Amino acid sequence: MTLVWKPPLLEILLLLMWLVVNDSLALYQWLFGLLFALLIGYLARKLRPRTARLRRLGLALALCWHVFCDIVRSNFAVGRIILGTIRQQPKVGFLDIPLELRDPHGLAALSIIITATPGTVFAGLDPDSHVLTLHVLDLQDEAAWLHTIKQRYERPLMEIFE
């Protein structure tokens, strides 16, 4: 069995942030920063015992592009609603979507994607039935939302994380 050394990236980033925030390169700042970084790094690993493994990096990059495009498109749609350029009132509502995705990292990524998109909020996930509750600012077409979440986000996340 070969041992592979992984650099402690979290600790290095925390130490650098400590030094930047304190605006000092004094020895005591390095020591406090190192102590802080090691302690937080240790606690963070205890809270997250399972590490994420990206299986398809190309698909992850494509998903990031889709999410970026959806966020831009949604910004314009929400802007039209807020500015009142659309004559009809938005149909605010909740939508329940059954999920097949079980990986905690994939679910976290899905919640970030949904919440980062203006007009939508990841409102909850039932741990027993795996049903996602989605809050939508303009819920005109439930089937379109269901298709978007299932095909555009959940399916690629399953291929990336599971």
# chains A, B, ... in the order shown; residues from 1 in each chain; ligands from 1
call {"tool": "residues_around", "arguments": {"residues": "segment 7-16 of chain A", "least_positions_apart": "5", "cutoff": "12 Å", "atoms": "only C-alpha atoms", "output": "list in words"}}
result
Val21, Asn22, Asp23, Ser24, Leu25, Gln29, Trp30, Leu31, Phe32, Gly33, Leu34, Leu35, Phe36, Ala37, Leu38, Leu39, Ile40, Gly41, Tyr42, Leu43, Ala44 and Arg45 of chain A
call {"tool": "write_last_selection", "arguments": {"atoms": "N, CA, C and O atoms", "output": "mmCIF file, in the first residue's frame"}}
result
data_model
loop_
_atom_site.group_PDB
_atom_site.id
_atom_site.type_symbol
_atom_site.label_atom_id
_atom_site.label_comp_id
_atom_site.auth_asym_id
_atom_site.auth_seq_id
_atom_site.Cartn_x
_atom_site.Cartn_y
_atom_site.Cartn_z
ATOM 1 N N VAL A 21 -5.542 39.195 7.606
ATOM 2 C CA VAL A 21 -6.493 39.899 8.463
ATOM 3 C C VAL A 21 -5.769 40.686 9.555
ATOM 4 O O VAL A 21 -6.157 41.808 9.885
ATOM 5 N N ASN A 22 -4.706 40.114 10.102
ATOM 6 C CA ASN A 22 -3.964 40.799 11.162
ATOM 7 C C ASN A 22 -2.928 41.779 10.626
ATOM 8 O O ASN A 22 -2.312 42.507 11.400
ATOM 9 N N ASP A 23 -2.714 41.773 9.328
ATOM 10 C CA ASP A 23 -1.816 42.736 8.669
ATOM 11 C C ASP A 23 -0.435 42.785 9.336
ATOM 12 O O ASP A 23 0.099 43.859 9.607
ATOM 13 N N SER A 24 0.081 41.576 9.620
ATOM 14 C CA SER A 24 1.369 41.519 10.295
ATOM 15 C C SER A 24 2.060 40.206 9.944
ATOM 16 O O SER A 24 1.407 39.166 9.806
ATOM 17 N N LEU A 25 3.372 40.272 9.810
ATOM 18 C CA LEU A 25 4.166 39.070 9.589
ATOM 19 C C LEU A 25 5.054 38.786 10.803
ATOM 20 O O LEU A 25 6.053 38.078 10.695
ATOM 21 N N GLN A 29 2.328 36.343 15.296
ATOM 22 C CA GLN A 29 1.171 36.186 14.408
ATOM 23 C C GLN A 29 1.266 34.866 13.627
ATOM 24 O O GLN A 29 0.269 34.192 13.421
ATOM 25 N N TRP A 30 2.461 34.512 13.213
ATOM 26 C CA TRP A 30 2.659 33.226 12.549
ATOM 27 C C TRP A 30 2.301 32.083 13.499
ATOM 28 O O TRP A 30 1.631 31.127 13.096
ATOM 29 N N LEU A 31 2.720 32.190 14.754
ATOM 30 C CA LEU A 31 2.445 31.125 15.724
ATOM 31 C C LEU A 31 0.949 31.032 16.051
ATOM 32 O O LEU A 31 0.376 29.941 16.062
ATOM 33 N N PHE A 32 0.319 32.178 16.323
ATOM 34 C CA PHE A 32 -1.125 32.171 16.587
ATOM 35 C C PHE A 32 -1.897 31.694 15.354
ATOM 36 O O PHE A 32 -2.851 30.930 15.460
ATOM 37 N N GLY A 33 -1.477 32.154 14.193
ATOM 38 C CA GLY A 33 -2.135 31.748 12.953
ATOM 39 C C GLY A 33 -2.007 30.263 12.703
ATOM 40 O O GLY A 33 -2.959 29.602 12.294
ATOM 41 N N LEU A 34 -0.827 29.717 12.966
ATOM 42 C CA LEU A 34 -0.620 28.279 12.793
ATOM 43 C C LEU A 34 -1.467 27.484 13.774
ATOM 44 O O LEU A 34 -2.098 26.492 13.403
ATOM 45 N N LEU A 35 -1.507 27.921 15.017
ATOM 46 C CA LEU A 35 -2.339 27.262 16.026
ATOM 47 C C LEU A 35 -3.815 27.314 15.617
ATOM 48 O O LEU A 35 -4.525 26.298 15.666
ATOM 49 N N PHE A 36 -4.256 28.476 15.196
ATOM 50 C CA PHE A 36 -5.637 28.652 14.732
ATOM 51 C C PHE A 36 -5.932 27.727 13.548
ATOM 52 O O PHE A 36 -6.945 27.026 13.522
ATOM 53 N N ALA A 37 -5.041 27.715 12.556
ATOM 54 C CA ALA A 37 -5.246 26.918 11.350
ATOM 55 C C ALA A 37 -5.299 25.424 11.669
ATOM 56 O O ALA A 37 -6.149 24.697 11.155
ATOM 57 N N LEU A 38 -4.392 24.966 12.535
ATOM 58 C CA LEU A 38 -4.372 23.547 12.884
ATOM 59 C C LEU A 38 -5.620 23.140 13.661
ATOM 60 O O LEU A 38 -6.195 22.074 13.428
ATOM 61 N N LEU A 39 -6.046 23.986 14.582
ATOM 62 C CA LEU A 39 -7.242 23.685 15.370
ATOM 63 C C LEU A 39 -8.497 23.652 14.495
ATOM 64 O O LEU A 39 -9.279 22.700 14.553
ATOM 65 N N ILE A 40 -8.677 24.667 13.675
ATOM 66 C CA ILE A 40 -9.858 24.707 12.799
ATOM 67 C C ILE A 40 -9.810 23.575 11.781
ATOM 68 O O ILE A 40 -10.833 22.948 11.486
ATOM 69 N N GLY A 41 -8.635 23.287 11.237
ATOM 70 C CA GLY A 41 -8.499 22.178 10.293
ATOM 71 C C GLY A 41 -8.869 20.845 10.916
ATOM 72 O O GLY A 41 -9.556 20.023 10.309
ATOM 73 N N TYR A 42 -8.416 20.628 12.144
ATOM 74 C CA TYR A 42 -8.736 19.394 12.863
ATOM 75 C C TYR A 42 -10.241 19.283 13.102
ATOM 76 O O TYR A 42 -10.856 18.246 12.851
ATOM 77 N N LEU A 43 -10.846 20.375 13.588
ATOM 78 C CA LEU A 43 -12.286 20.361 13.858
ATOM 79 C C LEU A 43 -13.103 20.199 12.568
ATOM 80 O O LEU A 43 -14.117 19.508 12.558
ATOM 81 N N ALA A 44 -12.652 20.814 11.497
ATOM 82 C CA ALA A 44 -13.372 20.703 10.227
ATOM 83 C C ALA A 44 -13.358 19.267 9.719
ATOM 84 O O ALA A 44 -14.355 18.785 9.183
ATOM 85 N N ARG A 45 -12.248 18.574 9.877
ATOM 86 C CA ARG A 45 -12.172 17.180 9.420
ATOM 87 C C ARG A 45 -13.050 16.267 10.271
ATOM 88 O O ARG A 45 -13.577 15.279 9.784
#
call {"tool": "residues_around", "arguments": {"residues": "segment 66-78 of chain A", "least_positions_apart": "6", "cutoff": "9 Å", "atoms": "only C-alpha atoms", "output": "ChimeraX atom specification"}}
result
/A:113,116-119,137-138,152-153
call {"tool": "write_last_selection", "arguments": {"atoms": "all heavy atoms", "output": "PDB file, in the first residue's frame"}}
result
ATOM      1  N   ILE A 113     -26.678  25.502  -5.754  1.00  0.00           N
ATOM      2  CA  ILE A 113     -27.099  25.887  -7.102  1.00  0.00           C
ATOM      3  C   ILE A 113     -28.475  26.528  -7.072  1.00  0.00           C
ATOM      4  O   ILE A 113     -28.703  27.597  -7.641  1.00  0.00           O
ATOM      5  CB  ILE A 113     -27.103  24.659  -8.043  1.00  0.00           C
ATOM      6  CG1 ILE A 113     -25.673  24.209  -8.331  1.00  0.00           C
ATOM      7  CG2 ILE A 113     -27.849  24.965  -9.341  1.00  0.00           C
ATOM      8  CD1 ILE A 113     -25.584  22.857  -9.013  1.00  0.00           C
ATOM      9  N   ALA A 116     -28.452  29.902  -5.113  1.00  0.00           N
ATOM     10  CA  ALA A 116     -27.691  30.948  -5.804  1.00  0.00           C
ATOM     11  C   ALA A 116     -28.437  31.499  -7.008  1.00  0.00           C
ATOM     12  O   ALA A 116     -28.126  32.584  -7.486  1.00  0.00           O
ATOM     13  CB  ALA A 116     -26.335  30.408  -6.243  1.00  0.00           C
ATOM     14  N   THR A 117     -29.428  30.769  -7.477  1.00  0.00           N
ATOM     15  CA  THR A 117     -30.200  31.216  -8.625  1.00  0.00           C
ATOM     16  C   THR A 117     -31.315  32.132  -8.132  1.00  0.00           C
ATOM     17  O   THR A 117     -32.167  31.711  -7.356  1.00  0.00           O
ATOM     18  CB  THR A 117     -30.802  30.006  -9.376  1.00  0.00           C
ATOM     19  OG1 THR A 117     -29.746  29.105  -9.700  1.00  0.00           O
ATOM     20  CG2 THR A 117     -31.505  30.443 -10.632  1.00  0.00           C
ATOM     21  N   PRO A 118     -31.316  33.399  -8.554  1.00  0.00           N
ATOM     22  CA  PRO A 118     -32.347  34.334  -8.090  1.00  0.00           C
ATOM     23  C   PRO A 118     -33.756  33.826  -8.411  1.00  0.00           C
ATOM     24  O   PRO A 118     -34.012  33.295  -9.478  1.00  0.00           O
ATOM     25  CB  PRO A 118     -32.049  35.614  -8.870  1.00  0.00           C
ATOM     26  CG  PRO A 118     -30.602  35.510  -9.194  1.00  0.00           C
ATOM     27  CD  PRO A 118     -30.345  34.053  -9.417  1.00  0.00           C
ATOM     28  N   GLY A 119     -34.633  33.971  -7.428  1.00  0.00           N
ATOM     29  CA  GLY A 119     -36.020  33.559  -7.606  1.00  0.00           C
ATOM     30  C   GLY A 119     -36.313  32.168  -7.082  1.00  0.00           C
ATOM     31  O   GLY A 119     -37.459  31.735  -7.084  1.00  0.00           O
ATOM     32  N   LEU A 137     -40.184  32.032  -6.985  1.00  0.00           N
ATOM     33  CA  LEU A 137     -40.794  33.350  -7.070  1.00  0.00           C
ATOM     34  C   LEU A 137     -41.858  33.405  -8.155  1.00  0.00           C
ATOM     35  O   LEU A 137     -42.902  34.025  -7.978  1.00  0.00           O
ATOM     36  CB  LEU A 137     -39.722  34.412  -7.339  1.00  0.00           C
ATOM     37  CG  LEU A 137     -40.213  35.841  -7.519  1.00  0.00           C
ATOM     38  CD1 LEU A 137     -40.865  36.346  -6.242  1.00  0.00           C
ATOM     39  CD2 LEU A 137     -39.058  36.745  -7.915  1.00  0.00           C
ATOM     40  N   ASP A 138     -41.617  32.763  -9.281  1.00  0.00           N
ATOM     41  CA  ASP A 138     -42.564  32.792 -10.399  1.00  0.00           C
ATOM     42  C   ASP A 138     -42.795  31.375 -10.901  1.00  0.00           C
ATOM     43  O   ASP A 138     -42.135  30.900 -11.826  1.00  0.00           O
ATOM     44  CB  ASP A 138     -42.036  33.685 -11.523  1.00  0.00           C
ATOM     45  CG  ASP A 138     -43.110  34.002 -12.552  1.00  0.00           C
ATOM     46  OD1 ASP A 138     -44.298  33.787 -12.260  1.00  0.00           O
ATOM     47  OD2 ASP A 138     -42.751  34.462 -13.645  1.00  0.00           O
ATOM     48  N   ARG A 152     -31.317  18.937 -15.521  1.00  0.00           N
ATOM     49  CA  ARG A 152     -30.214  19.885 -15.689  1.00  0.00           C
ATOM     50  C   ARG A 152     -29.260  19.903 -14.491  1.00  0.00           C
ATOM     51  O   ARG A 152     -28.079  20.183 -14.651  1.00  0.00           O
ATOM     52  CB  ARG A 152     -30.787  21.276 -15.927  1.00  0.00           C
ATOM     53  CG  ARG A 152     -29.786  22.264 -16.460  1.00  0.00           C
ATOM     54  CD  ARG A 152     -30.539  23.431 -17.068  1.00  0.00           C
ATOM     55  NE  ARG A 152     -29.679  24.506 -17.435  1.00  0.00           N
ATOM     56  CZ  ARG A 152     -29.241  24.747 -18.669  1.00  0.00           C
ATOM     57  NH1 ARG A 152     -29.601  23.952 -19.644  1.00  0.00           N
ATOM     58  NH2 ARG A 152     -28.476  25.775 -18.926  1.00  0.00           N
ATOM     59  N   TYR A 153     -29.786  19.586 -13.289  1.00  0.00           N
ATOM     60  CA  TYR A 153     -28.943  19.650 -12.095  1.00  0.00           C
ATOM     61  C   TYR A 153     -28.750  18.284 -11.430  1.00  0.00           C
ATOM     62  O   TYR A 153     -27.627  17.869 -11.186  1.00  0.00           O
ATOM     63  CB  TYR A 153     -29.528  20.626 -11.073  1.00  0.00           C
ATOM     64  CG  TYR A 153     -29.701  22.030 -11.585  1.00  0.00           C
ATOM     65  CD1 TYR A 153     -30.838  22.759 -11.290  1.00  0.00           C
ATOM     66  CD2 TYR A 153     -28.739  22.637 -12.378  1.00  0.00           C
ATOM     67  CE1 TYR A 153     -31.006  24.047 -11.754  1.00  0.00           C
ATOM     68  CE2 TYR A 153     -28.902  23.924 -12.850  1.00  0.00           C
ATOM     69  CZ  TYR A 153     -30.034  24.627 -12.537  1.00  0.00           C
ATOM     70  OH  TYR A 153     -30.202  25.895 -13.006  1.00  0.00           O
TER      71      TYR A 153
END
call {"tool": "closest_residue", "arguments": {"among": "A:Leu47, A:Leu59, A:Ala144, A:Leu132", "to": "Leu110 of chain A", "atoms": "only C-alpha atoms"}}
result
A:Leu132
call {"tool": "closest_residue", "arguments": {"among": "A:Pro98, A:Ile81, A:Pro127, A:Leu54", "to": "Leu146 of chain A", "atoms": "only C-alpha atoms"}}
result
A:Pro98
call {"tool": "closest_residue", "arguments": {"among": "A:Ile82, A:Ala26, A:Asp126, A:Gly106", "to": "Arg53 of chain A", "atoms": "only C-alpha atoms"}}
result
A:Gly106
call {"tool": "residues_around", "arguments": {"residues": "Glu159 of chain A", "least_positions_apart": "2", "cutoff": "12 Å", "atoms": "only C-alpha atoms", "output": "number ranges by chain"}}
result
A: 53-60, 63, 100-103, 106, 151-157, 161-162
call {"tool": "residues_around", "arguments": {"residues": "Ser111 of chain A", "least_positions_apart": "5", "cutoff": "10 Å", "atoms": "only C-alpha atoms", "output": "NGL selection string"}}
result
:A and (105-106 or 116 or 121-125 or 132 or 134)
call {"tool": "select_by_dssp", "arguments": {"residues": "chain A", "states": "helix (DSSP H, G or I)", "output": "JSON, numbers by chain"}}
result
{"A": [9, 10, 11, 12, 13, 14, 15, 16, 17, 18, 19, 20, 21, 22, 27, 28, 29, 30, 31, 32, 33, 34, 35, 36, 37, 38, 39, 40, 41, 42, 43, 44, 45, 46, 47, 57, 58, 59, 60, 61, 62, 63, 64, 65, 66, 67, 68, 69, 70, 71, 72, 73, 74, 75, 76, 77, 78, 79, 80, 81, 82, 83, 104, 105, 106, 107, 108, 109, 110, 111, 112, 113, 114, 115, 116, 142, 143, 144, 145, 146, 147, 148, 149, 150, 151, 152, 153, 154, 155, 156, 157, 158, 159, 160, 161]}
call {"tool": "atom_distance", "arguments": {"atom1": "atom CA of Ala108 of chain A", "atom2": "atom CA of His130 of chain A"}}
result
13.5 Å
call {"tool": "atom_distance", "arguments": {"atom1": "atom CA of Lys46 of chain A", "atom2": "atom CA of Ile112 of chain A"}}
result
22.3 Å
call {"tool": "select_by_dssp", "arguments": {"residues": "chain A", "states": "strand (DSSP E or B)", "output": "number ranges by chain"}}
result
A: 93-98, 120-125, 131-136
call {"tool": "write_last_selection", "arguments": {"atoms": "all heavy atoms", "output": "compact mmCIF listing (two decimals), in the first residue's frame"}}
result
# COMPACT_ATOMS: atom_id res chain seq x y z
N GLY A 93 -44.83 30.21 -5.23
CA GLY A 93 -45.29 28.93 -4.72
C GLY A 93 -44.18 27.99 -4.34
O GLY A 93 -42.99 28.27 -4.53
N PHE A 94 -44.59 26.86 -3.78
CA PHE A 94 -43.68 25.80 -3.39
C PHE A 94 -43.90 24.62 -4.32
O PHE A 94 -45.01 24.37 -4.77
CB PHE A 94 -43.94 25.37 -1.94
CG PHE A 94 -43.49 26.37 -0.93
CD1 PHE A 94 -44.36 27.34 -0.47
CD2 PHE A 94 -42.20 26.36 -0.44
CE1 PHE A 94 -43.96 28.28 0.46
CE2 PHE A 94 -41.78 27.30 0.50
CZ PHE A 94 -42.67 28.25 0.95
N LEU A 95 -42.83 23.90 -4.57
CA LEU A 95 -42.88 22.73 -5.45
C LEU A 95 -42.14 21.59 -4.78
O LEU A 95 -41.02 21.79 -4.28
CB LEU A 95 -42.22 23.09 -6.79
CG LEU A 95 -42.13 22.02 -7.86
CD1 LEU A 95 -43.53 21.59 -8.30
CD2 LEU A 95 -41.36 22.54 -9.05
N ASP A 96 -42.75 20.43 -4.72
CA ASP A 96 -42.10 19.25 -4.16
C ASP A 96 -41.52 18.41 -5.29
O ASP A 96 -42.23 18.07 -6.25
CB ASP A 96 -43.09 18.41 -3.34
CG ASP A 96 -43.46 19.08 -2.03
OD1 ASP A 96 -42.63 19.84 -1.51
OD2 ASP A 96 -44.57 18.83 -1.53
N ILE A 97 -40.23 18.08 -5.17
CA ILE A 97 -39.54 17.34 -6.21
C ILE A 97 -38.89 16.10 -5.58
O ILE A 97 -38.01 16.23 -4.72
CB ILE A 97 -38.45 18.21 -6.88
CG1 ILE A 97 -39.07 19.47 -7.46
CG2 ILE A 97 -37.70 17.43 -7.94
CD1 ILE A 97 -38.07 20.47 -7.95
N PRO A 98 -39.30 14.90 -6.00
CA PRO A 98 -38.64 13.70 -5.47
C PRO A 98 -37.23 13.57 -6.07
O PRO A 98 -37.04 13.71 -7.27
CB PRO A 98 -39.55 12.56 -5.95
CG PRO A 98 -40.29 13.11 -7.11
CD PRO A 98 -40.37 14.59 -6.92
N THR A 120 -35.28 31.44 -6.63
CA THR A 120 -35.50 30.10 -6.10
C THR A 120 -34.77 29.95 -4.77
O THR A 120 -33.73 30.56 -4.56
CB THR A 120 -34.98 29.01 -7.06
OG1 THR A 120 -33.59 29.19 -7.28
CG2 THR A 120 -35.73 29.02 -8.37
N VAL A 121 -35.34 29.12 -3.90
CA VAL A 121 -34.72 28.82 -2.61
C VAL A 121 -34.92 27.35 -2.31
O VAL A 121 -36.03 26.82 -2.45
CB VAL A 121 -35.32 29.67 -1.46
CG1 VAL A 121 -34.74 29.27 -0.13
CG2 VAL A 121 -35.11 31.14 -1.71
N PHE A 122 -33.86 26.68 -1.90
CA PHE A 122 -33.90 25.30 -1.43
C PHE A 122 -34.56 25.36 -0.06
O PHE A 122 -33.93 25.68 0.93
CB PHE A 122 -32.47 24.77 -1.33
CG PHE A 122 -32.33 23.29 -1.14
CD1 PHE A 122 -32.01 22.48 -2.20
CD2 PHE A 122 -32.46 22.72 0.12
CE1 PHE A 122 -31.82 21.11 -2.03
CE2 PHE A 122 -32.29 21.36 0.30
CZ PHE A 122 -31.96 20.54 -0.77
N ALA A 123 -35.87 25.08 0.02
CA ALA A 123 -36.63 25.30 1.24
C ALA A 123 -36.56 24.13 2.22
O ALA A 123 -36.82 24.31 3.40
CB ALA A 123 -38.09 25.61 0.91
N GLY A 124 -36.22 22.95 1.74
CA GLY A 124 -36.12 21.82 2.66
C GLY A 124 -35.97 20.52 1.91
O GLY A 124 -36.25 20.42 0.72
N LEU A 125 -35.51 19.51 2.66
CA LEU A 125 -35.36 18.17 2.11
C LEU A 125 -35.81 17.19 3.17
O LEU A 125 -35.25 17.17 4.28
CB LEU A 125 -33.90 17.90 1.71
CG LEU A 125 -33.60 16.51 1.18
CD1 LEU A 125 -34.31 16.28 -0.16
CD2 LEU A 125 -32.11 16.30 1.02
N VAL A 131 -37.66 14.09 -0.63
CA VAL A 131 -38.42 15.05 -1.44
C VAL A 131 -37.89 16.45 -1.13
O VAL A 131 -37.87 16.87 0.02
CB VAL A 131 -39.93 14.95 -1.15
CG1 VAL A 131 -40.70 16.06 -1.85
CG2 VAL A 131 -40.46 13.59 -1.58
N LEU A 132 -37.47 17.14 -2.18
CA LEU A 132 -36.98 18.50 -2.08
C LEU A 132 -38.16 19.45 -2.15
O LEU A 132 -39.02 19.32 -3.02
CB LEU A 132 -36.02 18.79 -3.24
CG LEU A 132 -35.76 20.24 -3.61
CD1 LEU A 132 -34.95 20.92 -2.52
CD2 LEU A 132 -35.04 20.33 -4.93
N THR A 133 -38.22 20.40 -1.22
CA THR A 133 -39.22 21.46 -1.29
C THR A 133 -38.51 22.70 -1.82
O THR A 133 -37.55 23.16 -1.24
CB THR A 133 -39.83 21.74 0.10
OG1 THR A 133 -40.41 20.52 0.59
CG2 THR A 133 -40.90 22.81 0.00
N LEU A 134 -39.02 23.18 -2.94
CA LEU A 134 -38.42 24.31 -3.64
C LEU A 134 -39.38 25.48 -3.60
O LEU A 134 -40.55 25.34 -3.91
CB LEU A 134 -38.13 23.90 -5.09
CG LEU A 134 -37.53 24.92 -6.02
CD1 LEU A 134 -36.11 25.24 -5.59
CD2 LEU A 134 -37.53 24.38 -7.44
N HIS A 135 -38.88 26.65 -3.18
CA HIS A 135 -39.68 27.87 -3.21
C HIS A 135 -39.31 28.63 -4.47
O HIS A 135 -38.13 28.88 -4.74
CB HIS A 135 -39.42 28.73 -1.98
CG HIS A 135 -40.22 29.99 -1.98
ND1 HIS A 135 -39.74 31.16 -2.53
CD2 HIS A 135 -41.47 30.26 -1.53
CE1 HIS A 135 -40.66 32.10 -2.41
NE2 HIS A 135 -41.71 31.58 -1.79
N VAL A 136 -40.32 28.99 -5.26
CA VAL A 136 -40.09 29.65 -6.54
C VAL A 136 -40.85 30.97 -6.57
O VAL A 136 -42.04 31.02 -6.23
CB VAL A 136 -40.54 28.75 -7.72
CG1 VAL A 136 -40.24 29.42 -9.05
CG2 VAL A 136 -39.86 27.40 -7.65
call {"tool": "atom_distance", "arguments": {"atom1": "atom CA of Leu61 of chain A", "atom2": "atom CA of Ala109 of chain A"}}
result
13.2 Å
